[in-house]
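Undergrad: Contents of protein_2.txt (compact mmCIF, C-alpha atoms) are below:
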```txt
# COMPACT_ATOMS: atom_id res chain seq x y z
CA MET B 19 0.00 0.00 0.00
CA SER B 20 1.42 3.42 -0.96
CA ILE B 21 0.49 6.76 0.58
CA TRP B 22 1.42 10.11 -1.01
CA CYS B 23 2.08 13.00 1.36
CA ASP B 24 2.56 16.50 -0.05
CA VAL B 25 4.63 18.53 2.39
CA ARG B 26 5.55 22.04 1.20
CA ALA B 27 7.24 21.26 -2.10
CA GLU B 28 8.68 17.96 -0.90
CA ARG B 29 7.03 14.68 -1.73
CA LEU B 30 7.74 11.55 0.13
CA LEU B 31 6.62 8.15 -0.92
CA VAL B 32 5.96 6.18 2.21
CA THR B 33 5.81 2.52 1.38
CA THR B 34 4.32 0.26 3.96
CA ILE B 35 5.01 -3.40 3.77
CA TYR B 36 2.67 -5.79 5.47
CA GLU B 37 3.81 -9.26 6.37
CA ARG B 38 1.28 -11.58 7.97
CA LYS B 39 -1.17 -8.69 8.53
CA GLN B 40 1.36 -6.76 10.60
CA LEU B 41 3.17 -3.57 9.75
CA SER B 42 6.78 -4.59 9.40
CA ARG B 43 8.56 -1.33 8.48
CA PHE B 44 8.36 2.11 6.90
CA ARG B 45 10.73 2.90 4.07
CA LEU B 46 11.33 6.22 2.33
CA THR B 47 12.11 5.90 -1.35
CA GLN B 48 12.95 8.36 -4.10
CA ILE B 49 10.06 9.40 -6.31
CA VAL B 50 10.26 8.45 -9.94
CA PRO B 51 8.00 10.55 -12.20
CA SER B 52 5.12 8.63 -13.70
CA VAL B 53 6.42 9.16 -17.25
CA GLY B 54 9.33 6.88 -16.48
CA ALA B 55 12.05 9.49 -17.01
CA ILE B 56 15.08 9.59 -14.79
CA PRO B 57 14.45 12.09 -11.96
CA THR B 58 16.47 15.26 -12.34
CA MET B 59 17.67 17.78 -9.84
CA CYS B 60 16.51 21.34 -10.36
CA PRO B 61 19.47 23.47 -11.52
CA GLU B 62 21.08 25.67 -8.89
CA LYS B 63 22.32 28.20 -11.45
CA LEU B 64 19.71 30.74 -12.47
CA ASP B 65 20.64 30.71 -16.18
CA SER B 66 20.21 26.92 -16.45
CA LEU B 67 16.97 27.08 -14.49
CA THR B 68 15.44 29.84 -16.62
CA ASN B 69 16.43 28.11 -19.87
CA LEU B 70 14.41 25.07 -18.79
CA LEU B 71 11.61 27.34 -17.58
CA VAL B 72 11.12 29.16 -20.89
CA ARG B 73 11.17 25.82 -22.72
CA ASP B 74 8.15 24.63 -20.71
CA LEU B 75 6.39 27.96 -20.05
CA PRO B 76 4.00 27.82 -23.05
CA SER B 77 2.67 24.37 -22.15
CA TYR B 78 2.29 25.21 -18.45
CA GLY B 79 0.61 28.53 -19.27
CA ASN B 80 -1.77 26.98 -21.78
CA ARG B 81 -2.82 24.30 -19.29
CA ILE B 82 -3.66 26.96 -16.72
CA ALA B 83 -5.52 29.01 -19.34
CA GLN B 84 -7.63 25.98 -20.27
CA GLN B 85 -8.40 25.26 -16.61
CA ARG B 86 -9.51 28.86 -16.03
CA ARG B 87 -11.49 29.16 -19.24
CA LYS B 88 -15.27 29.05 -19.08
CA ARG B 89 -17.47 27.98 -21.96
CA THR B 90 -19.01 31.45 -22.05
CA ASP B 91 -15.66 33.24 -22.50
CA LYS B 92 -15.63 35.21 -25.73
CA VAL B 93 -11.92 36.12 -25.53
CA TYR B 94 -9.17 33.62 -24.83
CA SER B 95 -5.49 33.30 -25.61
CA SER B 96 -2.73 30.76 -25.93
CA ILE B 97 1.01 31.17 -25.46
CA GLN B 98 2.90 30.25 -28.61
CA ILE B 99 6.53 30.73 -27.58
CA ALA B 100 8.76 32.22 -24.88
CA SER B 101 12.01 34.05 -25.61
CA ILE B 102 15.47 33.24 -24.38
CA PRO B 103 15.73 34.71 -20.87
CA GLU B 104 17.72 37.90 -20.38
CA LEU B 105 19.59 37.91 -17.05
CA LYS B 106 21.22 41.33 -17.13
CA PRO B 107 19.54 43.26 -14.29
CA LEU B 108 18.29 46.82 -14.39
CA GLU B 109 19.87 49.07 -11.82
CA ILE B 110 17.29 49.92 -9.21
CA ALA B 111 18.55 52.83 -7.15
CA SER B 112 16.68 53.50 -3.97
CA ARG B 113 16.92 57.20 -3.32
CA GLU B 114 15.36 57.05 0.09
CA TYR B 115 16.96 54.04 1.79
CA PRO B 116 20.25 52.26 1.08
CA PRO B 117 19.92 48.45 0.78
CA GLN B 118 20.65 46.76 4.09
CA TYR B 119 21.58 43.40 2.52
CA PRO B 120 22.50 43.95 -1.15
CA GLN B 121 23.64 40.33 -1.59
CA ALA B 122 20.12 39.15 -0.68
CA ALA B 123 18.42 41.18 -3.41
CA PRO B 124 16.31 39.09 -5.81
CA SER B 125 17.74 38.30 -9.23
CA GLN B 126 16.04 39.82 -12.26
CA VAL B 127 15.03 37.86 -15.34
CA PHE B 128 13.37 39.23 -18.48
CA VAL B 129 11.23 36.99 -20.69
CA THR B 130 8.99 37.80 -23.66
CA THR B 131 6.07 35.62 -24.68
CA LEU B 132 4.20 35.63 -27.98
CA GLU B 133 0.51 34.87 -27.63
CA ASN B 134 -2.43 34.38 -29.95
CA GLN B 135 -5.62 36.00 -28.71
CA TYR B 136 -8.93 34.78 -30.10
CA THR B 137 -12.18 36.76 -30.16
CA GLY B 138 -15.02 35.05 -31.98
CA SER B 139 -13.75 34.35 -35.50
CA ARG B 140 -10.81 36.79 -35.30
CA SER B 141 -7.35 36.23 -33.91
CA PHE B 142 -4.36 38.50 -33.40
CA GLN B 143 -0.93 38.27 -31.83
CA LEU B 144 0.28 39.94 -28.64
CA GLN B 145 3.67 40.19 -27.00
CA GLN B 146 3.92 40.06 -23.24
CA PHE B 147 7.08 41.41 -21.64
CA HIS B 148 7.71 39.87 -18.20
CA TRP B 149 10.11 41.17 -15.55
CA LEU B 150 10.66 38.39 -13.01
CA PHE B 151 12.24 38.78 -9.59
CA MET B 152 13.62 35.42 -8.49
CA ALA B 153 14.75 34.83 -4.91
CA LYS B 154 17.13 32.09 -3.81
CA THR B 155 15.78 30.27 -0.73
CA ARG B 156 16.85 27.17 1.19
CA GLN B 157 14.35 25.20 -0.91
CA GLY B 158 15.71 26.65 -4.18
CA TRP B 159 14.68 29.47 -6.50
CA ARG B 160 11.23 31.02 -6.00
CA LEU B 161 9.30 33.71 -7.84
CA ALA B 162 9.26 36.74 -5.55
CA ASN B 163 7.38 39.04 -7.93
CA ILE B 164 6.59 39.57 -11.60
CA TYR B 165 5.62 42.65 -13.61
CA SER B 166 4.27 42.45 -17.16
CA ARG B 167 3.60 44.76 -20.08
CA THR B 168 1.50 43.97 -23.15
CA GLY B 169 2.03 45.10 -26.72
CA GLY B 170 0.90 44.09 -30.18
CA PHE B 171 2.95 42.13 -32.66
CA PRO B 172 4.89 43.40 -34.51
CA LEU B 173 5.67 46.08 -31.98
CA ALA B 174 6.59 48.89 -34.43
CA ASN B 175 3.09 50.36 -34.76
CA ASN B 176 1.51 49.30 -31.49
CA LEU B 177 1.37 50.80 -28.02
CA ILE B 178 2.68 49.03 -24.94
CA SER B 179 0.67 48.98 -21.73
CA PRO B 180 2.19 50.24 -18.48
CA PRO B 181 3.71 47.55 -16.23
CA ILE B 182 1.30 45.72 -13.95
CA GLU B 183 1.97 43.35 -11.07
CA SER B 184 1.11 39.97 -12.58
CA SER B 185 1.88 37.23 -10.07
CA LYS B 186 -1.78 36.09 -10.16
CA THR B 187 -1.94 35.93 -13.97
CA ILE B 188 -1.57 32.82 -16.09
CA VAL B 189 2.17 33.35 -16.62
CA GLY B 190 2.81 34.08 -12.93
CA GLU B 191 0.98 30.95 -11.83
CA ALA B 192 2.64 28.88 -14.56
CA ILE B 193 6.08 29.93 -13.30
CA ARG B 194 5.20 29.09 -9.68
CA ILE B 195 3.83 25.68 -10.62
CA TRP B 196 6.82 24.96 -12.87
CA LEU B 197 9.29 25.84 -10.09
CA ASN B 198 7.41 23.58 -7.70
CA ASP B 199 7.44 20.73 -10.24
CA CYS B 200 11.13 21.30 -10.89
CA TYR B 201 12.02 20.85 -7.23
CA LEU B 202 9.81 17.76 -7.08
CA GLY B 203 11.88 16.19 -9.87
CA LYS B 204 9.14 16.25 -12.51
CA ILE B 205 11.02 18.31 -15.11
CA ARG B 206 13.25 16.61 -17.69
CA ALA B 207 16.58 18.21 -18.48
```
Write the structure described by the file as structure tokens, please.
TA:
Amino acid sequence: MSIWCDVRAERLLVTTIYERKQLSRFRLTQIVPSVGAIPTMCPEKLDSLTNLLVRDLPSYGNRIAQQRRKRTDKVYSSIQIASIPELKPLEIASREYPPQYPQAAPSQVFVTTLENQYTGSRSFQLQQFHWLFMAKTRQGWRLANIYSRTGGFPLANNLISPPIESSKTIVGEAIRIWLNDCYLGKIRA
């Protein structure tokens, strides 16, 4: 008999072995993803981690969009592709307070997604520009915050929206779920 326990981003497979109707022992074993792939460790380096993230971001985002979508929705979108992540941070100068722990500041990552938006029988393309703040914790990298801007495609003749906090959007949730799956060993390298 196997029991799955989900404990804050750590999964343990507790296997109980019964011999002659008595509990003989508890044994902790490593989880092997159901697909049969070899479990991988989530990369410690941010560049390796974000390269895997942008590879899987469209599929994770589209799954969340489908789960959220209602049959009555007239407008819906799907993520087509995510760009190569840009890791060069913007300088954020605090004029009021100096940083107390500058080494603990979150890392910045920039990602662009191309999306198709559908309204009735029409479709058009949008670009979403995402500014991620990733924090290194004892459990690994986590999404601290995300800001996004939206513009048309191609960008030359279209306006871009002002940045909005977007941690509760499809892309924000997709990144959180992907990071959780990565640390659970469900992501293939």
Undergrad: Could you tell me which of B:Gly158, B:Pro103, B:Gly138, B:Gly170 comes closest to Asn69 in chain B if we count all atoms listed in the file?
TA: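 Among the listed residues, B:Pro103 lies closest to Asn69 in chain B.
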Undergrad: Give me, as a ChimeraX atom specification, all polymer residues having an atom no more than 10 Å from Leu71 in chain B, counting only C-alpha atoms and skipping those fewer than 6 positions away in the same chain.
TA: /B:65,78,100,102-103,192-193,196-197,200,205
Undergrad: Given the choices B:Lys204, B:Lys186, B:Leu105, B:Leu132, which gets closest to Gly169 in chain B if the distance is worked out from only C-alpha atoms?
TA: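 When distances to Gly169 in chain B are compared using only C-alpha atoms, the smallest one comes from B:Leu132.
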Undergrad: Between B:Ile182, B:Gln157, B:Val129, B:Lys63, which has the minimum distance to Leu202 in chain B (counting all atoms listed in the file)?
TA: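 Under the stated criterion, the closest residue is B:Gln157.
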Undergrad: Taking all atoms listed in the file into account, which of B:Ile99, B:Gln126, B:Pro61, B:Ile188 comes nearest Leu144 in chain B?
TA: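 Closest candidate: B:Ile99.
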Undergrad: From (5.1, 44.3, -28.3), in the file's coordinates, out to 10 Å: which residues are reached, counting all atoms listed in the file? Answer as a count of residues only.
TA: 21
Undergrad: Quick one, how far is CA of Glu109 in chain B from CA of Arg160 in chain B?
TA: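 CA of Arg160 in chain B lies at a distance of 20.8 Å from CA of Glu109 in chain B.
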Undergrad: Between B:Leu75, B:Cys60, B:Ala83, B:Leu150, which one has atoms that come closest to Gln135 in chain B, using only C-alpha atoms?
TA: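 Distance minimum relative to Gln135 in chain B lands on B:Ala83.
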Undergrad: With distances taken over only C-alpha atoms, which residue among B:Ile97, B:Leu108, B:Met152, B:Ile164 lies nearest Gly79 in chain B?
TA: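 Using only C-alpha atoms, Gly79 in chain B sits closest to B:Ile97.
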